[in-house]
file upload07.cif (mmCIF, C-alpha atoms)
data_data
#
loop_
_atom_site.label_atom_id
_atom_site.label_comp_id
_atom_site.auth_asym_id
_atom_site.auth_seq_id
_atom_site.Cartn_x
_atom_site.Cartn_y
_atom_site.Cartn_z
CA ARG A 1 -64.07 -23.41 9.50
CA GLN A 2 -63.58 -26.87 8.04
CA GLU A 3 -59.80 -26.62 8.45
CA ILE A 4 -60.11 -25.63 12.11
CA GLU A 5 -62.61 -28.44 12.71
CA GLN A 6 -60.17 -30.93 11.20
CA LEU A 7 -57.34 -29.53 13.32
CA LEU A 8 -59.35 -29.85 16.53
CA LYS A 9 -59.80 -33.58 15.90
CA GLN A 10 -56.12 -33.92 16.86
CA TYR A 11 -56.93 -32.64 20.38
CA ASP A 12 -59.09 -33.66 23.32
CA ILE A 13 -60.60 -30.21 23.82
CA GLY A 14 -64.06 -30.66 22.32
CA GLY A 15 -65.66 -29.66 19.05
CA LEU A 16 -65.70 -26.26 17.41
CA VAL A 17 -68.42 -23.84 18.50
CA ASP A 18 -67.11 -20.62 16.97
CA TYR A 19 -63.94 -18.87 15.81
CA GLN A 20 -62.99 -15.24 15.20
CA GLU A 21 -59.88 -13.63 13.76
CA ILE A 22 -58.06 -11.32 16.17
CA SER A 23 -57.51 -8.10 14.24
CA SER A 24 -54.71 -6.77 16.49
CA GLY A 25 -52.15 -9.29 15.20
CA ILE A 26 -49.33 -7.64 13.23
CA GLU A 27 -46.65 -10.28 12.67
CA ASN A 28 -48.78 -13.41 13.09
CA THR A 29 -52.36 -14.45 12.35
CA ASN A 30 -54.39 -15.16 15.49
CA TYR A 31 -57.88 -16.55 16.07
CA PHE A 32 -60.09 -16.94 19.11
CA VAL A 33 -61.42 -20.49 18.98
CA THR A 34 -64.30 -21.64 21.20
CA THR A 35 -64.88 -25.35 21.80
CA SER A 36 -67.53 -27.26 23.72
CA LEU A 37 -66.18 -29.62 26.37
CA GLN A 38 -67.91 -32.65 27.82
CA GLY A 39 -70.75 -31.53 30.03
CA GLY A 40 -71.58 -28.56 27.80
CA GLU A 41 -68.93 -26.17 29.14
CA ASP A 42 -67.40 -23.84 26.54
CA LYS A 43 -63.67 -23.13 26.55
CA ARG A 44 -61.80 -20.42 24.64
CA TRP A 45 -58.40 -20.86 23.01
CA VAL A 46 -56.03 -18.81 20.87
CA LEU A 47 -54.83 -20.31 17.60
CA THR A 48 -51.68 -18.68 16.21
CA LEU A 49 -50.21 -19.11 12.73
CA PHE A 50 -46.63 -17.82 12.52
CA VAL A 51 -45.16 -15.74 9.73
CA ASN A 52 -41.53 -15.33 10.78
CA LEU A 53 -40.99 -18.35 13.03
CA LYS A 54 -40.49 -21.78 11.46
CA GLN A 55 -41.85 -25.08 12.71
CA HIS A 56 -38.49 -26.26 14.08
CA GLU A 57 -38.16 -23.09 16.19
CA LEU A 58 -41.45 -23.43 18.06
CA PRO A 59 -40.67 -26.29 20.50
CA TYR A 60 -38.33 -23.91 22.38
CA PHE A 61 -41.22 -21.55 23.19
CA CYS A 62 -43.56 -24.45 24.00
CA ASP A 63 -41.06 -25.88 26.49
CA LEU A 64 -40.31 -22.46 27.99
CA THR A 65 -43.95 -21.67 28.75
CA ARG A 66 -44.53 -25.19 30.09
CA HIS A 67 -41.55 -24.71 32.41
CA LEU A 68 -43.06 -21.49 33.74
CA GLU A 69 -46.54 -23.00 34.01
CA GLN A 70 -45.16 -25.88 36.08
CA ASP A 71 -43.50 -23.28 38.32
CA GLY A 72 -46.87 -21.65 38.99
CA PHE A 73 -46.80 -18.79 36.48
CA LYS A 74 -49.89 -17.82 34.50
CA VAL A 75 -48.64 -18.15 30.93
CA PRO A 76 -50.17 -19.56 27.70
CA ALA A 77 -48.49 -22.97 27.51
CA PRO A 78 -49.52 -24.75 24.27
CA VAL A 79 -52.03 -27.58 24.31
CA VAL A 80 -50.60 -31.06 23.66
CA ASN A 81 -52.37 -33.05 20.94
CA ARG A 82 -53.14 -36.78 20.97
CA MET A 83 -49.78 -37.55 19.36
CA GLY A 84 -47.92 -35.77 22.15
CA GLY A 85 -46.95 -32.74 20.07
CA SER A 86 -47.83 -29.05 20.30
CA VAL A 87 -46.90 -27.68 16.89
CA PHE A 88 -49.06 -28.18 13.78
CA CYS A 89 -49.07 -26.99 10.17
CA LEU A 90 -52.14 -25.22 8.76
CA LYS A 91 -52.39 -23.35 5.45
CA GLY A 92 -48.65 -23.80 4.98
CA LYS A 93 -47.76 -22.12 8.27
CA ALA A 94 -46.63 -23.52 11.60
CA GLY A 95 -49.01 -22.93 14.48
CA VAL A 96 -49.87 -23.61 18.10
CA LEU A 97 -53.06 -23.68 20.14
CA VAL A 98 -52.95 -22.16 23.64
CA PRO A 99 -55.54 -21.47 26.36
CA CYS A 100 -57.04 -17.99 26.21
CA LEU A 101 -56.01 -16.44 29.52
CA ILE A 102 -58.58 -14.34 31.32
CA GLY A 103 -57.79 -10.69 31.90
CA ALA A 104 -57.09 -7.44 30.09
CA SER A 105 -54.06 -5.32 29.33
CA LEU A 106 -53.75 -1.89 30.93
CA ASP A 107 -53.66 1.25 28.79
CA GLU A 108 -52.67 3.40 31.75
CA PRO A 109 -50.86 1.32 34.38
CA SER A 110 -50.84 2.53 37.97
CA SER A 111 -47.79 2.59 40.21
CA GLN A 112 -49.20 -0.47 41.97
CA SER A 113 -49.50 -2.44 38.73
CA CYS A 114 -45.87 -1.52 37.96
CA THR A 115 -44.93 -3.09 41.30
CA PHE A 116 -46.76 -6.32 40.43
CA VAL A 117 -45.14 -6.54 36.98
CA GLY A 118 -41.71 -5.97 38.52
CA VAL A 119 -42.28 -8.73 41.08
CA TYR A 120 -43.53 -11.16 38.44
CA LEU A 121 -40.69 -10.39 36.01
CA ALA A 122 -38.05 -11.03 38.66
CA GLY A 123 -39.77 -14.28 39.62
CA MET A 124 -39.77 -15.34 35.99
CA HIS A 125 -36.04 -14.59 35.68
CA LEU A 126 -35.34 -16.73 38.75
CA SER A 127 -37.53 -19.58 37.51
CA LEU A 128 -35.82 -19.66 34.13
CA ARG A 129 -32.42 -20.20 35.71
CA SER A 130 -33.26 -23.90 35.63
CA PHE A 131 -34.53 -23.82 32.04
CA SER A 132 -31.85 -25.70 30.10
CA GLN A 133 -32.64 -24.72 26.51
CA ARG A 134 -30.89 -21.84 24.79
CA ARG A 135 -31.84 -19.42 22.03
CA ALA A 136 -29.53 -16.75 20.63
CA VAL A 137 -30.60 -13.12 20.36
CA GLN A 138 -32.18 -12.59 16.94
CA ARG A 139 -32.17 -8.79 16.87
CA ASP A 140 -28.57 -8.21 17.85
CA ILE A 141 -25.96 -5.68 16.70
CA ALA A 142 -25.62 -7.39 13.31
CA TRP A 143 -29.40 -7.17 12.83
CA MET A 144 -29.43 -3.47 13.81
CA LYS A 145 -26.57 -2.76 11.40
CA GLY A 146 -28.41 -4.54 8.60
CA GLN A 147 -31.60 -2.57 9.26
CA LEU A 148 -29.70 0.73 9.27
CA GLU A 149 -28.25 -0.11 5.86
CA LYS A 150 -31.79 -0.69 4.57
CA LEU A 151 -33.05 2.55 6.13
CA GLU A 152 -30.33 4.70 4.58
CA GLY A 153 -31.93 6.81 1.87
CA LYS A 154 -35.44 6.17 3.21
CA MET A 155 -35.14 8.58 6.15
CA ASP A 156 -34.38 12.28 6.39
CA LEU A 157 -30.57 12.50 6.17
CA SER A 158 -30.10 14.45 9.39
CA GLU A 159 -32.36 12.05 11.32
CA PHE A 160 -30.53 9.07 9.87
CA GLU A 161 -27.15 10.50 10.91
CA VAL A 162 -28.44 11.01 14.47
CA LEU A 163 -29.68 7.42 14.50
CA GLN A 164 -26.29 6.20 13.30
CA GLY A 165 -24.65 8.15 16.11
CA TYR A 166 -26.88 6.46 18.69
CA PHE A 167 -25.98 3.07 17.19
CA ARG A 168 -22.22 3.74 17.29
CA ARG A 169 -22.53 4.88 20.91
CA TYR A 170 -24.34 1.70 21.84
CA CYS A 171 -21.75 -0.48 20.09
CA ALA A 172 -19.06 1.14 22.27
CA TYR A 173 -20.98 0.38 25.49
CA GLN A 174 -22.30 -3.07 24.57
CA PRO A 175 -19.25 -5.09 25.76
CA HIS A 176 -19.62 -3.60 29.25
CA LEU A 177 -23.24 -4.78 29.48
CA LEU A 178 -21.99 -8.35 29.23
CA ASP A 179 -20.67 -7.96 32.80
CA CYS A 180 -24.31 -8.01 33.96
CA PRO A 181 -26.14 -11.26 34.88
CA GLN A 182 -27.51 -13.18 31.92
CA GLY A 183 -30.37 -15.62 31.49
CA THR A 184 -33.59 -16.26 29.57
CA ILE A 185 -35.65 -13.10 29.02
CA HIS A 186 -39.17 -12.41 27.77
CA GLY A 187 -37.86 -9.80 25.33
CA ASP A 188 -41.16 -8.02 24.59
CA LEU A 189 -42.82 -7.19 27.91
CA PHE A 190 -45.02 -4.32 26.78
CA ARG A 191 -48.38 -3.47 28.33
CA ASP A 192 -50.30 -5.44 25.71
CA ASN A 193 -48.38 -8.58 26.65
CA VAL A 194 -49.50 -8.50 30.29
CA LEU A 195 -53.04 -9.32 31.42
CA PHE A 196 -54.59 -8.37 34.77
CA LEU A 197 -57.71 -9.83 36.37
CA ASN A 198 -58.64 -8.11 39.64
CA ASP A 199 -55.66 -9.54 41.48
CA ARG A 200 -52.00 -8.93 42.01
CA ARG A 201 -50.68 -11.73 39.83
CA PRO A 202 -50.53 -10.70 36.18
CA SER A 203 -50.34 -13.12 33.28
CA PHE A 204 -47.51 -12.79 30.77
CA ILE A 205 -48.22 -13.66 27.12
CA ASP A 206 -46.41 -13.60 23.74
CA PHE A 207 -43.02 -15.15 24.54
CA TYR A 208 -41.90 -15.32 20.91
CA TYR A 209 -38.98 -12.91 21.40
CA ALA A 210 -37.62 -14.90 24.34
CA CYS A 211 -33.89 -15.58 24.15
CA ASP A 212 -30.66 -15.60 26.17
CA GLU A 213 -29.63 -12.06 27.05
CA VAL A 214 -28.56 -9.85 29.95
CA LEU A 215 -31.49 -9.61 32.35
CA VAL A 216 -31.15 -5.83 32.61
CA PHE A 217 -32.28 -5.58 28.97
CA ASP A 218 -35.59 -7.26 29.87
CA ILE A 219 -36.02 -4.81 32.75
CA ALA A 220 -35.25 -1.87 30.46
CA ILE A 221 -37.78 -3.00 27.84
CA ALA A 222 -40.49 -3.12 30.50
CA VAL A 223 -39.52 0.18 32.14
CA ASN A 224 -39.58 1.96 28.76
CA ASP A 225 -43.27 1.06 28.38
CA TRP A 226 -44.66 0.63 31.89
CA CYS A 227 -43.01 3.53 33.70
CA ILE A 228 -43.46 6.47 31.32
CA ASP A 229 -45.63 9.54 30.93
CA VAL A 230 -47.42 10.58 27.73
CA ASP A 231 -44.24 12.16 26.32
CA GLY A 232 -42.10 9.06 26.88
CA ALA A 233 -40.15 10.44 29.86
CA ILE A 234 -39.84 8.11 32.83
CA ASP A 235 -42.34 8.58 35.64
CA LYS A 236 -40.00 8.36 38.63
CA ASN A 237 -42.70 7.14 41.02
CA LYS A 238 -43.65 4.27 38.69
CA LEU A 239 -39.97 3.50 38.14
CA THR A 240 -39.37 3.31 41.89
CA GLU A 241 -42.37 1.01 42.35
CA PHE A 242 -41.28 -1.23 39.48
CA ILE A 243 -37.67 -1.59 40.68
CA GLU A 244 -38.68 -2.07 44.31
CA GLY A 245 -41.14 -4.75 43.23
CA TYR A 246 -38.47 -6.47 41.15
CA GLU A 247 -35.97 -6.39 43.99
CA THR A 248 -38.34 -8.15 46.39
CA GLU A 249 -37.52 -11.24 44.33
CA ARG A 250 -34.09 -10.55 42.83
CA PRO A 251 -31.89 -7.65 43.98
CA LEU A 252 -30.07 -5.83 41.18
CA THR A 253 -26.31 -6.20 41.06
CA LYS A 254 -23.94 -3.26 41.21
CA GLU A 255 -23.23 -3.67 37.49
CA GLU A 256 -26.93 -3.62 36.65
CA ARG A 257 -27.40 -0.36 38.55
CA VAL A 258 -24.46 1.21 36.73
CA TYR A 259 -25.51 0.09 33.25
CA MET A 260 -29.30 0.41 33.58
CA PRO A 261 -29.27 3.85 31.83
CA VAL A 262 -27.32 2.26 28.95
CA ALA A 263 -29.82 -0.61 28.80
CA LEU A 264 -32.71 1.88 28.64
CA ARG A 265 -31.08 3.59 25.63
CA TRP A 266 -30.31 0.23 24.05
CA ALA A 267 -33.90 -0.99 24.43
CA ALA A 268 -35.25 2.27 23.02
CA LEU A 269 -32.85 2.11 20.07
CA ARG A 270 -33.66 -1.53 19.35
CA PHE A 271 -37.42 -0.92 19.23
CA TYR A 272 -37.08 2.38 17.36
CA ILE A 273 -35.16 0.58 14.61
CA SER A 274 -37.65 -2.29 14.69
CA ARG A 275 -40.60 0.06 14.22
CA LEU A 276 -38.87 1.97 11.45
CA GLU A 277 -38.33 -1.37 9.71
CA HIS A 278 -42.03 -2.26 10.13
CA ILE A 279 -43.18 1.08 8.71
CA HIS A 280 -40.85 1.11 5.71
CA SER A 281 -41.56 -2.52 4.82
CA ASN A 282 -45.35 -2.17 5.22
CA PRO A 283 -46.42 1.50 5.26
CA SER A 284 -50.10 0.85 6.05
CA ALA A 285 -52.26 2.92 8.37
CA GLU A 286 -52.82 -0.13 10.59
CA ILE A 287 -49.09 -0.71 11.09
CA LEU A 288 -48.51 3.00 11.73
CA ALA A 289 -51.25 3.08 14.36
CA VAL A 290 -49.82 0.12 16.27
CA LYS A 291 -46.10 0.49 15.57
CA ASN A 292 -45.58 4.26 15.32
CA PRO A 293 -41.78 4.77 15.49
CA ASN A 294 -42.12 8.34 16.81
CA GLN A 295 -43.04 6.97 20.23
CA PHE A 296 -39.66 5.28 20.52
CA LYS A 297 -37.88 8.17 18.90
CA ASN A 298 -39.11 10.36 21.78
CA ILE A 299 -38.17 7.71 24.34
CA LEU A 300 -34.70 7.34 22.83
CA ILE A 301 -34.06 11.10 22.87
CA ASP A 302 -35.19 11.33 26.50
CA ARG A 303 -32.92 8.45 27.58
CA GLN A 304 -29.96 10.15 25.89
CA VAL A 305 -30.42 13.54 27.53
CA THR A 306 -31.82 12.61 30.96
CA GLY A 307 -29.54 11.18 33.63
CA TYR A 308 -31.66 8.55 35.38
CA ARG A 309 -30.02 7.02 38.45
CA PHE A 310 -30.51 3.54 39.90
#
call {"tool": "encode", "arguments": {"input": "upload07.cif", "output": "structure tokens"}}
result
Amino acid sequence: RQEIEQLLKQYDIGGLVDYQEISSGIENTNYFVTTSLQGGEDKRWVLTLFVNLKQHELPYFCDLTRHLEQDGFKVPAPVVNRMGGSVFCLKGKAGVLVPCLIGASLDEPSSQSCTFVGVYLAGMHLSLRSFSQRRAVQRDIAWMKGQLEKLEGKMDLSEFEVLQGYFRRYCAYQPHLLDCPQGTIHGDLFRDNVLFLNDRRPSFIDFYYACDEVLVFDIAIAVNDWCIDVDGAIDKNKLTEFIEGYETERPLTKEERVYMPVALRWAALRFYISRLEHIHSNPSAEILAVKNPNQFKNILIDRQVTGYRF
């Protein structure tokens, strides 16, 4: 409590009323922080301490969310302190303080909510065309290859060989995906990173996988979580609503339509490998509950055997 109180003295957001750790954090440590503003009004914030991101990496994400906020998007842009900065160091870790956006994530999105997310994602892609900063993909082919080398011997041999086959197939297709439009993507647009509040304009949160990539990959990440049934297969009605919503803002190119099925497999493979890495590096019940790799294993198998058309 004393450390948070000292930190808040750097900001003009009032004194500490209460704080509470957010238990759902996996990679970072997050706290709800409530302060009292002048006039007695309470305001809630989210304080994040980063595990994998370093202090010099954070200004990119601060500037990106400020860019979107200035363009009218509901995103958690970090608070600026009295020195004009947004990044601090607490307990040896870099951190930021952002407004706590009002709303809740959807466990079972409707077709209509898929439309709204598609519209908002396309608008974000268009807005970020004028964002000048660049960040390379962190979890690229080299990262996947490195993770597969670590997983060898930890998985059932037959399952590992199937996974290797998927990876080799993706490597063969990957150069063709580069013909698709590129830009800044969110990179992690799952249901728990979108908040709704009784209106049609969702809020996007957790931009810490944002980078420069083909836009169709961002679409595929979202489709693989928003437009599926309980078995991981794509719900065609939700898919139609999502794509139609997206295209009200930015029509897909011919290349994106052709390579969307490849992007869906790529996104499924990328997150399957990521979740396997999480489980094998930290095999706790909490990690398994949140990051169960079998979900993406099922999605990956479906995307390989089902011919979705766009």
call {"tool": "residues_near_point", "arguments": {"input": "upload07.cif", "point": "(-33.8, -10.8, 28.2)", "cutoff": "7 Å", "atoms": "all atoms listed in the file", "output": "list in words"}}
result
Gly183, Thr184, Ile185, His186, Gly187, Ala210, Cys211, Asp212, Glu213, Val214, Leu215, Phe217 and Asp218 of chain A
call {"tool": "atom_distance", "arguments": {"input": "upload07.cif", "atom1": "CA of Ser113 (chain A)", "atom2": "CA of Pro99 (chain A)"}}
result
23.5 Å
call {"tool": "resolve_selection", "arguments": {"input": "upload07.cif", "expression": "the PyMOL selection byres ((chain A and resi 28) around 9)", "output": "mmCIF file with C-alpha atoms, in the frame of the given file"}}
result
data_model
loop_
_atom_site.group_PDB
_atom_site.id
_atom_site.type_symbol
_atom_site.label_atom_id
_atom_site.label_comp_id
_atom_site.auth_asym_id
_atom_site.auth_seq_id
_atom_site.Cartn_x
_atom_site.Cartn_y
_atom_site.Cartn_z
ATOM 1 C CA GLY A 25 -52.150 -9.290 15.200
ATOM 2 C CA ILE A 26 -49.330 -7.640 13.230
ATOM 3 C CA GLU A 27 -46.650 -10.280 12.670
ATOM 4 C CA THR A 29 -52.360 -14.450 12.350
ATOM 5 C CA ASN A 30 -54.390 -15.160 15.490
ATOM 6 C CA THR A 48 -51.680 -18.680 16.210
ATOM 7 C CA LEU A 49 -50.210 -19.110 12.730
ATOM 8 C CA PHE A 50 -46.630 -17.820 12.520
ATOM 9 C CA VAL A 51 -45.160 -15.740 9.730
ATOM 10 C CA ASN A 52 -41.530 -15.330 10.780
#
call {"tool": "closest_residue", "arguments": {"input": "upload07.cif", "among": "A:Leu90, A:Val194, A:Ile301, A:Ile102", "to": "Ala222 (chain A)", "atoms": "all atoms listed in the file"}}
result
A:Val194
call {"tool": "residues_around", "arguments": {"input": "upload07.cif", "residues": "region 233-242 of chain A", "least_positions_apart": "4", "cutoff": "8 Å", "atoms": "all atoms listed in the file", "output": "PyMOL selection string"}}
result
chain A and resi 110-112+114-119+223-224+226-229+246+299+302-303
call {"tool": "atom_distance", "arguments": {"input": "upload07.cif", "atom1": "CA of Arg135 (chain A)", "atom2": "CA of Arg270 (chain A)"}}
result
18.2 Å
call {"tool": "atom_distance", "arguments": {"input": "upload07.cif", "atom1": "CA of Arg134 (chain A)", "atom2": "CA of Glu256 (chain A)"}}
result
22.1 Å
call {"tool": "resolve_selection", "arguments": {"input": "upload07.cif", "expression": "the PyMOL selection byres ((chain A and resi 31) around 8)", "output": "PDB file with C-alpha atoms, in the coordinates of the input"}}
result
ATOM      1  CA  TYR A  19     -63.940 -18.870  15.810  1.00  0.00           C
ATOM      2  CA  GLN A  20     -62.990 -15.240  15.200  1.00  0.00           C
ATOM      3  CA  GLU A  21     -59.880 -13.630  13.760  1.00  0.00           C
ATOM      4  CA  ILE A  22     -58.060 -11.320  16.170  1.00  0.00           C
ATOM      5  CA  THR A  29     -52.360 -14.450  12.350  1.00  0.00           C
ATOM      6  CA  ASN A  30     -54.390 -15.160  15.490  1.00  0.00           C
ATOM      7  CA  PHE A  32     -60.090 -16.940  19.110  1.00  0.00           C
ATOM      8  CA  VAL A  33     -61.420 -20.490  18.980  1.00  0.00           C
ATOM      9  CA  VAL A  46     -56.030 -18.810  20.870  1.00  0.00           C
ATOM     10  CA  LEU A  47     -54.830 -20.310  17.600  1.00  0.00           C
ATOM     11  CA  THR A  48     -51.680 -18.680  16.210  1.00  0.00           C
TER      12      THR A  48
END
